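Notes follow the structure.
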Amino acid sequence: MIDVRPSQQMRDLGVVQHGAGILAEPARAFDLPAERDEAERITDELFAAMERIGQVHPFAKGMGIAAPQIGIARAAAVVQPPGNAPAIILLNPRITTSSDETDEQYEGCLSFFDVRGLVPRPMKITTETTALTGETVTTVYERGLARLIHHEIDHLDGLLYTARMRTGVVPIPVEEYRQTGHAWVYDGA
């Protein structure tokens, strides 16, 4: 049996990998409701990608995927919280406030799935997104869900989690991460 690296597995499932220019560029916002059909089509593609990925890798602590990760430079992401909570669709999301209180947890990324990195993030964030009808929706997220949402919004801003890591802290191989006993896993870990 051939052992396939996690990053190769994600590439095979249609996930754009680290080094691709689209991951380093801010995604283009939707003009809603005028681009409603386009936003719905891209959201459907994100759900289809999550379904494919979820069939080969379990995500006990939730997962997310942003449109640039499937090769679409638009401001859309989908987050599946842990458990049976409904998925969260993020269109044109932006963080309006962040708590001063942070915690540091390991994160993974579908776009470079061979490593995990210790990332400090705010414990609470407030976001604004655009509904398909064009209205602005304000939502507050806390703890693990705030981390997931923040990670995906970073993707839409052209940032990878490594940009948030403390100076001198580097990602560790996934095999080493599995030995740490840390429970938090995001965007694929």
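Ordering of the structure tokens sets the chain letters (A, B, ...), residue numbers begin anew at 1 in every chain, and ligands are numbered from 1 in the order given.
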
Step one, run DSSP on the backbone; step two, keep only residues of chain A assigned to strand (DSSP E or B); then write them as a PyMOL selection string. chain A and resi 28+63-66+74+76-80+88-91+94-98+102-107+115-122+124-130+136-142+172-173

Quick one: residues within 10 Å of segment 35-38 of chain A, only C-alpha atoms, excluding same-chain residues fewer than 5 positions away - as an MDAnalysis selection string? chainID A and resid 29:30 43:44 74 131:134

Export C-alpha atoms of the chosen residues as a compact mmCIF listing (two decimals), in the first residue's frame?
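Contents of the output file out_4.txt:
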# COMPACT_ATOMS: atom_id res chain seq x y z
CA ALA A 29 -16.37 40.72 -2.56
CA PHE A 30 -19.82 39.95 -3.94
CA THR A 43 -21.38 28.21 -1.82
CA ASP A 44 -22.66 24.97 -3.38
CA ARG A 74 -14.32 35.34 -4.23
CA ALA A 131 -26.84 38.08 3.30
CA LEU A 132 -27.86 36.96 -0.19
CA THR A 133 -30.51 39.67 -0.07
CA GLY A 134 -27.83 42.33 0.50

Please identify all polymer residues within 9 Å of Ile125 of chain A, counting only C-alpha atoms, omitting same-chain residues fewer than 3 positions from it, and present them as a list in words. Ile95, Thr96, Thr97, Ser98, Ser99, Pro122, Thr139, Val140, Tyr141, Glu142, Arg143, Ala146, Arg147, Ile149 and His150 of chain A

Keeping C-alpha atoms, export the residues of the selection given above as an mmCIF file, in the first residue's frame.
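Writing done, so here's part_25.cif:
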data_model
loop_
_atom_site.group_PDB
_atom_site.id
_atom_site.type_symbol
_atom_site.label_atom_id
_atom_site.label_comp_id
_atom_site.auth_asym_id
_atom_site.auth_seq_id
_atom_site.Cartn_x
_atom_site.Cartn_y
_atom_site.Cartn_z
ATOM 1 C CA ILE A 95 -14.129 41.068 11.655
ATOM 2 C CA THR A 96 -15.343 44.277 13.273
ATOM 3 C CA THR A 97 -14.142 43.647 16.853
ATOM 4 C CA SER A 98 -11.888 41.157 18.609
ATOM 5 C CA SER A 99 -11.489 40.486 22.306
ATOM 6 C CA PRO A 122 -8.963 36.164 20.041
ATOM 7 C CA THR A 139 -22.704 37.849 14.554
ATOM 8 C CA VAL A 140 -20.607 37.208 17.652
ATOM 9 C CA TYR A 141 -18.515 34.023 17.834
ATOM 10 C CA GLU A 142 -16.626 32.683 20.836
ATOM 11 C CA ARG A 143 -13.870 30.198 21.607
ATOM 12 C CA ALA A 146 -14.327 32.184 16.760
ATOM 13 C CA ARG A 147 -11.053 30.457 15.835
ATOM 14 C CA ILE A 149 -14.343 31.729 11.569
ATOM 15 C CA HIS A 150 -11.209 33.876 12.011
#

What are the closest atom pairs, with distances in Å to one decimal, for all residues of segment 79-141 of chain A lying within 6 Å of segment 61-65 of chain A? Consider only C-alpha atoms, order rows by chain and residue number, and present the result as a Markdown table.
| residue | atom | partner | partner_atom | distance |
| --- | --- | --- | --- | --- |
| A:Val79 | CA | A:Gly64 | CA | 4.1 |
| A:Gln80 | CA | A:Met63 | CA | 5.3 |
| A:Pro81 | CA | A:Gly62 | CA | 4.5 |
| A:Pro82 | CA | A:Gly62 | CA | 4.2 |

Compile the contact shell of Ile70 of chain A as a short mmCIF file (atom, residue, chain, number, x, y, z; two decimals) with all heavy atoms, in the first residue's frame: residues with an atom at most 9 Å away, counting only C-alpha atoms, same-chain residues fewer than 5 positions apart removed.
data_model
loop_
_atom_site.label_atom_id
_atom_site.label_comp_id
_atom_site.auth_asym_id
_atom_site.auth_seq_id
_atom_site.Cartn_x
_atom_site.Cartn_y
_atom_site.Cartn_z
N GLY A 14 -9.07 18.35 -4.76
CA GLY A 14 -9.35 19.64 -5.36
C GLY A 14 -9.02 20.85 -4.51
O GLY A 14 -9.47 21.96 -4.81
N VAL A 15 -8.22 20.67 -3.45
CA VAL A 15 -7.84 21.79 -2.59
C VAL A 15 -6.54 22.40 -3.09
O VAL A 15 -5.53 21.71 -3.24
CB VAL A 15 -7.69 21.35 -1.12
CG1 VAL A 15 -7.25 22.52 -0.24
CG2 VAL A 15 -8.99 20.76 -0.59
N VAL A 16 -6.57 23.71 -3.37
CA VAL A 16 -5.39 24.45 -3.81
C VAL A 16 -4.34 24.39 -2.70
O VAL A 16 -4.66 24.60 -1.53
CB VAL A 16 -5.77 25.91 -4.14
CG1 VAL A 16 -4.54 26.74 -4.45
CG2 VAL A 16 -6.77 25.96 -5.28
N GLU A 45 -20.43 24.86 -4.37
CA GLU A 45 -19.13 24.23 -4.65
C GLU A 45 -18.35 24.02 -3.36
O GLU A 45 -17.67 23.00 -3.20
CB GLU A 45 -18.33 25.08 -5.63
CG GLU A 45 -18.86 25.01 -7.05
CD GLU A 45 -17.93 25.70 -8.05
OE1 GLU A 45 -16.69 25.50 -7.95
OE2 GLU A 45 -18.45 26.41 -8.93
N LEU A 46 -18.43 24.97 -2.42
CA LEU A 46 -17.75 24.82 -1.14
C LEU A 46 -18.33 23.65 -0.35
O LEU A 46 -17.59 22.85 0.23
CB LEU A 46 -17.83 26.12 -0.33
CG LEU A 46 -16.96 27.26 -0.84
CD1 LEU A 46 -17.36 28.58 -0.19
CD2 LEU A 46 -15.48 26.97 -0.61
N ALA A 49 -17.10 20.43 -1.87
CA ALA A 49 -15.72 20.17 -1.49
C ALA A 49 -15.64 19.65 -0.05
O ALA A 49 -14.91 18.70 0.23
CB ALA A 49 -14.87 21.44 -1.65
N ILE A 65 -13.72 25.83 4.91
CA ILE A 65 -13.04 25.95 3.63
C ILE A 65 -13.46 27.28 3.00
O ILE A 65 -14.62 27.67 3.09
CB ILE A 65 -13.31 24.74 2.71
CG1 ILE A 65 -12.39 24.77 1.49
CG2 ILE A 65 -14.79 24.66 2.33
CD1 ILE A 65 -12.32 23.44 0.74
#

Which residues come within 12 Å of Pro171 of chain A, counting only C-alpha atoms, excluding same-chain residues fewer than 5 positions away, as JSON, numbers by chain? {"A": [105, 106, 107, 108, 109, 112, 113, 114, 115, 116, 117, 118, 119, 160, 161, 162, 163, 164, 165, 166, 176, 177]}

Deliver the residues from the most recent selection as a file, using N, CA, C and O atoms, as a PDB file, in the first residue's frame.
ATOM      1  N   GLN A 105      -3.791  27.809  20.173  1.00  0.00           N
ATOM      2  CA  GLN A 105      -4.117  26.414  19.900  1.00  0.00           C
ATOM      3  C   GLN A 105      -3.484  26.001  18.569  1.00  0.00           C
ATOM      4  O   GLN A 105      -3.168  26.845  17.736  1.00  0.00           O
ATOM      5  N   TYR A 106      -3.368  24.691  18.390  1.00  0.00           N
ATOM      6  CA  TYR A 106      -2.880  24.188  17.107  1.00  0.00           C
ATOM      7  C   TYR A 106      -3.979  24.294  16.062  1.00  0.00           C
ATOM      8  O   TYR A 106      -5.142  24.027  16.341  1.00  0.00           O
ATOM      9  N   GLU A 107      -3.577  24.712  14.865  1.00  0.00           N
ATOM     10  CA  GLU A 107      -4.472  24.746  13.722  1.00  0.00           C
ATOM     11  C   GLU A 107      -3.850  23.958  12.589  1.00  0.00           C
ATOM     12  O   GLU A 107      -2.631  23.841  12.487  1.00  0.00           O
ATOM     13  N   GLY A 108      -4.721  23.454  11.742  1.00  0.00           N
ATOM     14  CA  GLY A 108      -4.290  22.826  10.510  1.00  0.00           C
ATOM     15  C   GLY A 108      -4.922  23.579   9.366  1.00  0.00           C
ATOM     16  O   GLY A 108      -5.823  24.403   9.569  1.00  0.00           O
ATOM     17  N   CYS A 109      -4.441  23.330   8.171  1.00  0.00           N
ATOM     18  CA  CYS A 109      -4.999  23.989   7.002  1.00  0.00           C
ATOM     19  C   CYS A 109      -5.029  22.992   5.857  1.00  0.00           C
ATOM     20  O   CYS A 109      -4.029  22.314   5.594  1.00  0.00           O
ATOM     21  N   PHE A 112      -2.122  23.132   3.376  1.00  0.00           N
ATOM     22  CA  PHE A 112      -0.803  22.557   3.693  1.00  0.00           C
ATOM     23  C   PHE A 112      -1.002  21.651   4.904  1.00  0.00           C
ATOM     24  O   PHE A 112      -0.627  21.941   6.025  1.00  0.00           O
ATOM     25  N   PHE A 113      -1.593  20.507   4.613  1.00  0.00           N
ATOM     26  CA  PHE A 113      -2.146  19.600   5.611  1.00  0.00           C
ATOM     27  C   PHE A 113      -1.103  18.700   6.274  1.00  0.00           C
ATOM     28  O   PHE A 113      -1.429  17.904   7.134  1.00  0.00           O
ATOM     29  N   ASP A 114       0.163  18.818   5.858  1.00  0.00           N
ATOM     30  CA  ASP A 114       1.210  17.973   6.438  1.00  0.00           C
ATOM     31  C   ASP A 114       1.735  18.498   7.770  1.00  0.00           C
ATOM     32  O   ASP A 114       2.509  17.827   8.429  1.00  0.00           O
ATOM     33  N   VAL A 115       1.327  19.729   8.138  1.00  0.00           N
ATOM     34  CA  VAL A 115       1.830  20.343   9.368  1.00  0.00           C
ATOM     35  C   VAL A 115       0.683  20.954  10.170  1.00  0.00           C
ATOM     36  O   VAL A 115      -0.410  21.170   9.649  1.00  0.00           O
ATOM     37  N   ARG A 116       0.980  21.252  11.448  1.00  0.00           N
ATOM     38  CA  ARG A 116       0.057  21.978  12.310  1.00  0.00           C
ATOM     39  C   ARG A 116       0.854  23.086  12.975  1.00  0.00           C
ATOM     40  O   ARG A 116       2.040  22.933  13.262  1.00  0.00           O
ATOM     41  N   GLY A 117       0.182  24.208  13.240  1.00  0.00           N
ATOM     42  CA  GLY A 117       0.881  25.340  13.836  1.00  0.00           C
ATOM     43  C   GLY A 117       0.149  25.889  15.045  1.00  0.00           C
ATOM     44  O   GLY A 117      -1.081  25.888  15.087  1.00  0.00           O
ATOM     45  N   LEU A 118       0.899  26.357  16.017  1.00  0.00           N
ATOM     46  CA  LEU A 118       0.355  26.931  17.242  1.00  0.00           C
ATOM     47  C   LEU A 118       0.053  28.409  16.974  1.00  0.00           C
ATOM     48  O   LEU A 118       0.963  29.202  16.721  1.00  0.00           O
ATOM     49  N   VAL A 119      -1.247  28.745  16.995  1.00  0.00           N
ATOM     50  CA  VAL A 119      -1.694  30.072  16.558  1.00  0.00           C
ATOM     51  C   VAL A 119      -2.479  30.774  17.666  1.00  0.00           C
ATOM     52  O   VAL A 119      -3.472  30.236  18.154  1.00  0.00           O
ATOM     53  N   LEU A 160      -2.448  33.140   5.540  1.00  0.00           N
ATOM     54  CA  LEU A 160      -2.447  31.780   6.075  1.00  0.00           C
ATOM     55  C   LEU A 160      -2.140  31.865   7.563  1.00  0.00           C
ATOM     56  O   LEU A 160      -1.573  32.862   8.034  1.00  0.00           O
ATOM     57  N   TYR A 161      -2.483  30.815   8.312  1.00  0.00           N
ATOM     58  CA  TYR A 161      -2.311  30.891   9.766  1.00  0.00           C
ATOM     59  C   TYR A 161      -0.863  31.123  10.177  1.00  0.00           C
ATOM     60  O   TYR A 161      -0.597  31.656  11.249  1.00  0.00           O
ATOM     61  N   THR A 162       0.083  30.748   9.336  1.00  0.00           N
ATOM     62  CA  THR A 162       1.487  30.958   9.689  1.00  0.00           C
ATOM     63  C   THR A 162       1.805  32.440   9.888  1.00  0.00           C
ATOM     64  O   THR A 162       2.707  32.786  10.651  1.00  0.00           O
ATOM     65  N   ALA A 163       1.048  33.324   9.246  1.00  0.00           N
ATOM     66  CA  ALA A 163       1.243  34.768   9.420  1.00  0.00           C
ATOM     67  C   ALA A 163       0.842  35.222  10.820  1.00  0.00           C
ATOM     68  O   ALA A 163       1.249  36.303  11.263  1.00  0.00           O
ATOM     69  N   ARG A 164       0.053  34.419  11.519  1.00  0.00           N
ATOM     70  CA  ARG A 164      -0.427  34.768  12.866  1.00  0.00           C
ATOM     71  C   ARG A 164       0.418  34.142  13.976  1.00  0.00           C
ATOM     72  O   ARG A 164       0.227  34.458  15.150  1.00  0.00           O
ATOM     73  N   MET A 165       1.312  33.227  13.614  1.00  0.00           N
ATOM     74  CA  MET A 165       2.105  32.537  14.632  1.00  0.00           C
ATOM     75  C   MET A 165       3.116  33.498  15.254  1.00  0.00           C
ATOM     76  O   MET A 165       3.594  34.420  14.606  1.00  0.00           O
ATOM     77  N   ARG A 166       3.420  33.257  16.535  1.00  0.00           N
ATOM     78  CA  ARG A 166       4.413  34.089  17.215  1.00  0.00           C
ATOM     79  C   ARG A 166       5.778  33.911  16.552  1.00  0.00           C
ATOM     80  O   ARG A 166       6.091  32.847  16.032  1.00  0.00           O
ATOM     81  N   GLU A 176       4.119  14.560  14.413  1.00  0.00           N
ATOM     82  CA  GLU A 176       4.544  15.071  15.720  1.00  0.00           C
ATOM     83  C   GLU A 176       3.359  15.690  16.454  1.00  0.00           C
ATOM     84  O   GLU A 176       3.198  15.528  17.660  1.00  0.00           O
ATOM     85  N   TYR A 177       2.502  16.407  15.719  1.00  0.00           N
ATOM     86  CA  TYR A 177       1.303  17.009  16.310  1.00  0.00           C
ATOM     87  C   TYR A 177       0.433  15.948  16.962  1.00  0.00           C
ATOM     88  O   TYR A 177      -0.071  16.126  18.064  1.00  0.00           O
TER      89      TYR A 177
END

Check which residues of segment 49-103 of chain A sit at most 9 Å from segment 17-24 of chain A using only C-alpha atoms, and return one row each with the closest pair of atoms and their distance in Å to one decimal, ordered by chain and rising number, as JSON lines.
{"residue": "A:Pro68", "atom": "CA", "partner": "A:Leu23", "partner_atom": "CA", "distance": 6.0}
{"residue": "A:Gln69", "atom": "CA", "partner": "A:Leu23", "partner_atom": "CA", "distance": 6.9}
{"residue": "A:Gly71", "atom": "CA", "partner": "A:Ile22", "partner_atom": "CA", "distance": 7.0}
{"residue": "A:Ile72", "atom": "CA", "partner": "A:Ile22", "partner_atom": "CA", "distance": 8.0}
{"residue": "A:Ala73", "atom": "CA", "partner": "A:Ile22", "partner_atom": "CA", "distance": 6.6}

Of the residues A:Leu145, A:Ala48, A:Ile153, A:Ala60, which is the one nearest to Gly83 of chain A, using only C-alpha atoms? A:Ala60

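Each of A:Asp100, A:Glu135, A:Glu25, A:Glu128 was checked against Asp157 of chain A using only C-alpha atoms; the smallest atom-to-atom distance is that of A:Glu25.
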
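Distances from A:His155, A:His57, A:Arg41, A:Lys124 to Leu13 of chain A were compared using only C-alpha atoms, and the smallest one belongs to A:His57.
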
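Proximity ranking of A:Val4, A:Ala39, A:Met10, A:Ala27 relative to Leu159 of chain A places A:Ala27 first, based on only C-alpha atoms.
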
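For segment 60-173 of chain A, a DSSP pass over the backbone yields helix (DSSP H, G or I) at Ala67, Pro68, Gln69, Ile70, Leu110, Ser111, Phe112, Arg143, Gly144, Leu145, Ala146, Arg147, Leu148, Ile149, His150, His151, Glu152, Ile153, Asp154, His155, Leu156, Tyr161, Thr162, Ala163 and Arg164 of chain A.
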
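Here atom CA of Thr102 of chain A and atom CA of Thr126 of chain A stand 14.1 Å from one another.
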
As a ChimeraX atom specification, please: the residues near Thr130 of chain A (cut-off 10 Å, only C-alpha atoms, same-chain neighbours under 3 positions excluded). /A:29-33,89-94,133-138

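Taking atom CA of Arg121 of chain A as the reference point, atom CA of Asp154 of chain A is found at 11.4 Å.
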
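Nearest to Ile42 of chain A of all the residues A:Met123, A:Ala67, A:Val174, A:Ala87 is A:Ala67, counting only C-alpha atoms.
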